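Here is the file target-v7.pdb (PDB, C-alpha atoms, pLDDT in the B column).
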```
ATOM      1  CA  MET A   1       5.672  16.912  -3.008  1.00 70.00           C
ATOM      2  CA  THR A   2       4.806  13.821  -5.003  1.00 83.00           C
ATOM      3  CA  THR A   3       6.920  10.763  -5.726  1.00 86.00           C
ATOM      4  CA  ASN A   4       6.932  11.648  -9.442  1.00 88.00           C
ATOM      5  CA  GLN A   5       8.243  15.144  -8.684  1.00 90.00           C
ATOM      6  CA  LEU A   6      11.046  13.699  -6.560  1.00 90.00           C
ATOM      7  CA  THR A   7      11.945  11.114  -9.225  1.00 92.00           C
ATOM      8  CA  ARG A   8      12.071  13.817 -11.933  1.00 93.00           C
ATOM      9  CA  ALA A   9      14.246  15.965  -9.648  1.00 94.00           C
ATOM     10  CA  ILE A  10      16.721  13.093  -9.215  1.00 94.00           C
ATOM     11  CA  ALA A  11      16.874  12.578 -12.988  1.00 94.00           C
ATOM     12  CA  THR A  12      17.413  16.303 -13.518  1.00 94.00           C
ATOM     13  CA  THR A  13      20.102  16.466 -10.828  1.00 94.00           C
ATOM     14  CA  LEU A  14      21.984  13.500 -12.290  1.00 95.00           C
ATOM     15  CA  THR A  15      21.778  15.009 -15.780  1.00 94.00           C
ATOM     16  CA  GLN A  16      23.127  18.353 -14.512  1.00 94.00           C
ATOM     17  CA  HIS A  17      26.017  16.806 -12.545  1.00 94.00           C
ATOM     18  CA  PHE A  18      26.927  14.258 -15.236  1.00 92.00           C
ATOM     19  CA  PRO A  19      26.236  16.097 -18.527  1.00 92.00           C
ATOM     20  CA  ASN A  20      28.390  13.762 -20.658  1.00 89.00           C
ATOM     21  CA  ILE A  21      27.021  10.513 -19.224  1.00 89.00           C
ATOM     22  CA  PRO A  22      23.700   8.966 -20.322  1.00 89.00           C
ATOM     23  CA  ILE A  23      21.136   8.859 -17.497  1.00 91.00           C
ATOM     24  CA  HIS A  24      18.389   6.211 -17.708  1.00 88.00           C
ATOM     25  CA  PRO A  25      15.480   5.127 -15.533  1.00 90.00           C
ATOM     26  CA  THR A  26      15.674   1.457 -14.628  1.00 83.00           C
ATOM     27  CA  ASN A  27      12.848  -0.510 -16.207  1.00 66.00           C
ATOM     28  CA  SER A  28      12.853  -3.000 -13.366  1.00 50.00           C
ATOM     29  CA  ILE A  29      14.927  -3.500 -10.254  1.00 48.00           C
ATOM     30  CA  THR A  30      16.507  -6.728 -11.505  1.00 49.00           C
ATOM     31  CA  SER A  31      17.297  -5.773 -15.098  1.00 50.00           C
ATOM     32  CA  PRO A  32      18.538  -2.290 -15.969  1.00 49.00           C
ATOM     33  CA  VAL A  33      18.152  -0.842 -19.451  1.00 51.00           C
ATOM     34  CA  PRO A  34      20.272  -2.646 -22.067  1.00 55.00           C
ATOM     35  CA  GLU A  35      22.799   0.162 -22.596  1.00 57.00           C
ATOM     36  CA  THR A  36      26.261  -0.623 -21.292  1.00 66.00           C
ATOM     37  CA  ILE A  37      27.330   2.898 -20.364  1.00 78.00           C
ATOM     38  CA  GLY A  38      25.745   5.446 -18.112  1.00 86.00           C
ATOM     39  CA  ILE A  39      23.858   5.717 -14.863  1.00 90.00           C
ATOM     40  CA  THR A  40      20.457   4.240 -14.007  1.00 90.00           C
ATOM     41  CA  TYR A  41      18.111   5.335 -11.265  1.00 93.00           C
ATOM     42  CA  SER A  42      15.041   3.646  -9.858  1.00 93.00           C
ATOM     43  CA  LEU A  43      12.572   4.142  -7.060  1.00 93.00           C
ATOM     44  CA  LEU A  44      12.828   1.212  -4.664  1.00 93.00           C
ATOM     45  CA  SER A  45      10.102   2.269  -2.258  1.00 92.00           C
ATOM     46  CA  ALA A  46       7.794   5.110  -1.350  1.00 90.00           C
ATOM     47  CA  GLN A  47       5.939   5.215   1.921  1.00 90.00           C
ATOM     48  CA  LEU A  48       3.595   7.619   3.672  1.00 84.00           C
ATOM     49  CA  THR A  49       3.215   7.107   7.419  1.00 86.00           C
ATOM     50  CA  ARG A  50       0.940   8.999   9.786  1.00 83.00           C
ATOM     51  CA  GLU A  51       2.706  10.255  12.913  1.00 78.00           C
ATOM     52  CA  ARG A  52      -0.240  12.141  14.366  1.00 79.00           C
ATOM     53  CA  SER A  53      -3.632  13.094  13.035  1.00 77.00           C
ATOM     54  CA  ASP A  54      -2.170  16.071  11.192  1.00 78.00           C
ATOM     55  CA  ARG A  55       1.473  15.051  10.618  1.00 84.00           C
ATOM     56  CA  PHE A  56       2.875  12.570   8.096  1.00 84.00           C
ATOM     57  CA  VAL A  57       6.284  11.210   7.123  1.00 88.00           C
ATOM     58  CA  GLN A  58       7.094  10.560   3.457  1.00 89.00           C
ATOM     59  CA  SER A  59       9.991   8.160   2.884  1.00 92.00           C
ATOM     60  CA  HIS A  60      11.538   7.431  -0.513  1.00 93.00           C
ATOM     61  CA  ALA A  61      14.394   5.061  -1.327  1.00 95.00           C
ATOM     62  CA  PHE A  62      16.221   5.251  -4.661  1.00 95.00           C
ATOM     63  CA  GLU A  63      18.862   3.073  -6.229  1.00 94.00           C
ATOM     64  CA  ILE A  64      21.547   4.563  -8.488  1.00 93.00           C
ATOM     65  CA  ARG A  65      23.765   2.236 -10.538  1.00 90.00           C
ATOM     66  CA  TRP A  66      26.689   2.648 -12.887  1.00 86.00           C
ATOM     67  CA  LEU A  67      25.901   0.374 -15.848  1.00 82.00           C
ATOM     68  CA  ASP A  68      29.394  -0.998 -16.400  1.00 79.00           C
ATOM     69  CA  PRO A  69      30.408  -2.577 -13.067  1.00 73.00           C
ATOM     70  CA  ASN A  70      33.836  -3.458 -14.471  1.00 76.00           C
ATOM     71  CA  ASP A  71      34.728   0.149 -15.298  1.00 80.00           C
ATOM     72  CA  ILE A  72      33.564   2.362 -12.437  1.00 80.00           C
ATOM     73  CA  PRO A  73      35.338   5.726 -12.256  1.00 83.00           C
ATOM     74  CA  ALA A  74      37.214   6.067  -8.956  1.00 83.00           C
ATOM     75  CA  THR A  75      35.515   9.395  -8.223  1.00 87.00           C
ATOM     76  CA  LEU A  76      31.970   8.189  -8.954  1.00 87.00           C
ATOM     77  CA  PRO A  77      30.882   7.498  -5.340  1.00 86.00           C
ATOM     78  CA  ASP A  78      32.018  10.946  -4.192  1.00 90.00           C
ATOM     79  CA  GLU A  79      30.428  12.658  -7.201  1.00 92.00           C
ATOM     80  CA  LEU A  80      27.119  10.853  -6.606  1.00 92.00           C
ATOM     81  CA  PHE A  81      27.204  11.787  -2.912  1.00 93.00           C
ATOM     82  CA  GLU A  82      27.777  15.423  -3.828  1.00 93.00           C
ATOM     83  CA  ALA A  83      25.074  15.433  -6.511  1.00 93.00           C
ATOM     84  CA  LEU A  84      22.356  13.731  -4.484  1.00 94.00           C
ATOM     85  CA  GLU A  85      22.982  14.996  -0.952  1.00 94.00           C
ATOM     86  CA  THR A  86      20.659  17.933  -1.611  1.00 92.00           C
ATOM     87  CA  ILE A  87      18.262  18.185  -4.517  1.00 92.00           C
ATOM     88  CA  ASP A  88      15.875  20.850  -5.706  1.00 90.00           C
ATOM     89  CA  VAL A  89      12.254  19.769  -6.143  1.00 89.00           C
ATOM     90  CA  GLU A  90      10.353  22.585  -7.825  1.00 87.00           C
ATOM     91  CA  GLY A  91      12.127  25.308  -5.892  1.00 88.00           C
ATOM     92  CA  VAL A  92      12.318  23.508  -2.535  1.00 87.00           C
ATOM     93  CA  THR A  93      15.621  21.995  -1.413  1.00 90.00           C
ATOM     94  CA  TYR A  94      15.546  18.520   0.126  1.00 89.00           C
ATOM     95  CA  ARG A  95      18.453  16.822   1.901  1.00 92.00           C
ATOM     96  CA  ALA A  96      19.017  13.082   1.733  1.00 92.00           C
ATOM     97  CA  THR A  97      18.656  11.418   5.114  1.00 92.00           C
ATOM     98  CA  GLU A  98      21.020   8.622   4.099  1.00 92.00           C
ATOM     99  CA  LEU A  99      23.412   7.919   1.208  1.00 93.00           C
ATOM    100  CA  ARG A 100      25.046   4.528   1.075  1.00 92.00           C
ATOM    101  CA  TRP A 101      27.427   2.972  -1.463  1.00 88.00           C
ATOM    102  CA  GLU A 102      27.223  -0.829  -1.351  1.00 87.00           C
ATOM    103  CA  THR A 103      27.634  -3.960  -3.442  1.00 79.00           C
ATOM    104  CA  GLU A 104      24.802  -6.292  -4.377  1.00 76.00           C
ATOM    105  CA  ASN A 105      25.659  -9.472  -6.337  1.00 76.00           C
ATOM    106  CA  ASN A 106      29.110  -8.006  -7.092  1.00 71.00           C
ATOM    107  CA  THR A 107      27.443  -4.934  -8.603  1.00 75.00           C
ATOM    108  CA  PRO A 108      28.013  -1.607  -6.836  1.00 81.00           C
ATOM    109  CA  ARG A 109      25.065   0.677  -6.259  1.00 88.00           C
ATOM    110  CA  MET A 110      24.202   3.774  -4.309  1.00 92.00           C
ATOM    111  CA  LEU A 111      21.130   3.866  -2.118  1.00 94.00           C
ATOM    112  CA  VAL A 112      19.675   7.294  -1.441  1.00 95.00           C
ATOM    113  CA  TYR A 113      16.929   7.948   1.081  1.00 95.00           C
ATOM    114  CA  TYR A 114      14.818  11.094   1.325  1.00 93.00           C
ATOM    115  CA  THR A 115      12.473  11.610   4.276  1.00 90.00           C
ATOM    116  CA  MET A 116      10.109  14.551   4.543  1.00 86.00           C
ATOM    117  CA  ARG A 117       7.701  15.492   7.278  1.00 81.00           C
ATOM    118  CA  THR A 118       4.503  17.157   6.180  1.00 78.00           C
ATOM    119  CA  THR A 119       1.653  18.677   8.116  1.00 75.00           C
ATOM    120  CA  LYS A 120      -1.918  18.654   6.952  1.00 71.00           C
ATOM    121  CA  VAL A 121      -3.224  22.176   7.007  1.00 68.00           C
ATOM    122  CA  SER A 122      -6.616  22.303   8.663  1.00 63.00           C
ATOM    123  CA  GLU A 123      -9.363  24.287   7.104  1.00 65.00           C
ATOM    124  CA  SER A 124      -9.749  27.556   8.899  1.00 62.00           C
ATOM    125  CA  ALA A 125     -12.751  27.597  11.143  1.00 59.00           C
ATOM    126  CA  THR A 126     -15.325  30.281  10.641  1.00 64.00           C
ATOM    127  CA  THR A 127     -14.641  32.986  13.124  1.00 66.00           C
ATOM    128  CA  MET A 128     -17.360  34.203  15.399  1.00 63.00           C
ATOM    129  CA  GLN A 129     -19.532  36.752  13.722  1.00 68.00           C
ATOM    130  CA  HIS A 130     -20.383  40.131  15.223  1.00 65.00           C
ATOM    131  CA  LEU A 131     -23.564  39.962  17.238  1.00 61.00           C
ATOM    132  CA  ASP A 132     -25.818  43.009  17.193  1.00 67.00           C
ATOM    133  CA  GLN A 133     -28.007  43.428  20.222  1.00 66.00           C
ATOM    134  CA  ARG A 134     -30.767  45.969  20.282  1.00 69.00           C
ATOM    135  CA  PRO A 135     -32.735  46.844  23.355  1.00 68.00           C
ATOM    136  CA  THR A 136     -36.354  45.844  23.100  1.00 61.00           C
ATOM    137  CA  ALA A 137     -39.233  46.937  25.200  1.00 60.00           C
ATOM    138  CA  LEU A 138     -40.774  44.242  27.341  1.00 55.00           C
ATOM    139  CA  LYS A 139     -44.494  44.297  27.829  1.00 59.00           C
ATOM    140  CA  ALA A 140     -45.786  43.525  31.235  1.00 58.00           C
ATOM    141  CA  VAL A 141     -48.426  40.908  31.259  1.00 58.00           C
ATOM    142  CA  ASN A 142     -51.067  41.287  33.945  1.00 59.00           C
ATOM    143  CA  GLU A 143     -52.722  38.197  35.199  1.00 53.00           C
TER     144      GLU A 143
END
```
Starting from the file, lay out its structure as structure tokens.
Amino acid sequence: MTTNQLTRAIATTLTQHFPNIPIHPTNSITSPVPETIGITYSLLSAQLTRERSDRFVQSHAFEIRWLDPNDIPATLPDELFEALETIDVEGVTYRATELRWETENNTPRMLVYYTMRTTKVSESATTMQHLDQRPTALKAVNE
């Protein structure tokens, strides 16, 4: 799974759970899109860490904001938790490892973390081939 696939899945999930609310990607972390209504989402970080030679951990952190901090629906945190706890990424379901509703500079936001472990599939080694042995006659050498 790529970061772009996960980001598209979050956008799709938000659109499905909030069909009457505009959903926008955030252009930058410090300044959301200029609209005053709706929900923004942005990727805060993406990290790939090697655990072993064949196992990796992908970690993604997303920020979800309601654009009008003075008019936040009372049910919004619960609805966002429900929408983003599990998401479908191209037919595979992923569960958030952490969902947190917090306030930054008097602006509420939800932080959502997805962590996936992946294993590198080794190329299959060529199996041993069948060995044909045929008896051969040995010639005696006289000295």
Subject >> Contacts of Glu51 in chain A within 12 Å, all atoms listed in the file, excl. fewer than 5 positions in-chain, as a ChimeraX atom specification >> reply: /A:56-58,116-120
| Any chance you could work out the residue set of the PyMOL selection byres ((chain A and resi 37-45) around 7) here, as a list of chain:residue names? |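 Answer for the PyMOL selection byres ((chain A and resi 37-45) around 7): A:Ile21, A:Pro22, A:Ile23, A:His24, A:Pro25, A:Thr26, A:Glu35, A:Thr36, A:Ala46, A:Gln47, A:His60, A:Ala61, A:Phe62, A:Glu63, A:Ile64, A:Arg65, A:Trp66, A:Leu67, A:Asp68.
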For the residues in that selection, give me C-alpha atoms as a PDB file, keeping the file's coordinate frame.
```
ATOM      1  CA  ILE A  21      27.021  10.513 -19.224  1.00 89.00           C
ATOM      2  CA  PRO A  22      23.700   8.966 -20.322  1.00 89.00           C
ATOM      3  CA  ILE A  23      21.136   8.859 -17.497  1.00 91.00           C
ATOM      4  CA  HIS A  24      18.389   6.211 -17.708  1.00 88.00           C
ATOM      5  CA  PRO A  25      15.480   5.127 -15.533  1.00 90.00           C
ATOM      6  CA  THR A  26      15.674   1.457 -14.628  1.00 83.00           C
ATOM      7  CA  GLU A  35      22.799   0.162 -22.596  1.00 57.00           C
ATOM      8  CA  THR A  36      26.261  -0.623 -21.292  1.00 66.00           C
ATOM      9  CA  ALA A  46       7.794   5.110  -1.350  1.00 90.00           C
ATOM     10  CA  GLN A  47       5.939   5.215   1.921  1.00 90.00           C
ATOM     11  CA  HIS A  60      11.538   7.431  -0.513  1.00 93.00           C
ATOM     12  CA  ALA A  61      14.394   5.061  -1.327  1.00 95.00           C
ATOM     13  CA  PHE A  62      16.221   5.251  -4.661  1.00 95.00           C
ATOM     14  CA  GLU A  63      18.862   3.073  -6.229  1.00 94.00           C
ATOM     15  CA  ILE A  64      21.547   4.563  -8.488  1.00 93.00           C
ATOM     16  CA  ARG A  65      23.765   2.236 -10.538  1.00 90.00           C
ATOM     17  CA  TRP A  66      26.689   2.648 -12.887  1.00 86.00           C
ATOM     18  CA  LEU A  67      25.901   0.374 -15.848  1.00 82.00           C
ATOM     19  CA  ASP A  68      29.394  -0.998 -16.400  1.00 79.00           C
TER      20      ASP A  68
END
```
As a check of understanding, name the residues that the PyMOL selection byres ((chain A and resi 8) around 12) selects in the supplied structure, as a PyMOL selection string.
chain A and resi 1-7+9-15+23-25+41-43+62+87-90
CA of Arg100 in chain A sits from CA of Thr49 in chain A at a separation of 22.9 Å
- Message: So the first atom is CA of Trp101 in chain A and the second is CA of Thr86 in chain A; what is the distance between them in Å, to one decimal place?
- Response: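 About the pair CA of Trp101 in chain A and CA of Thr86 in chain A: they are 16.4 Å apart.
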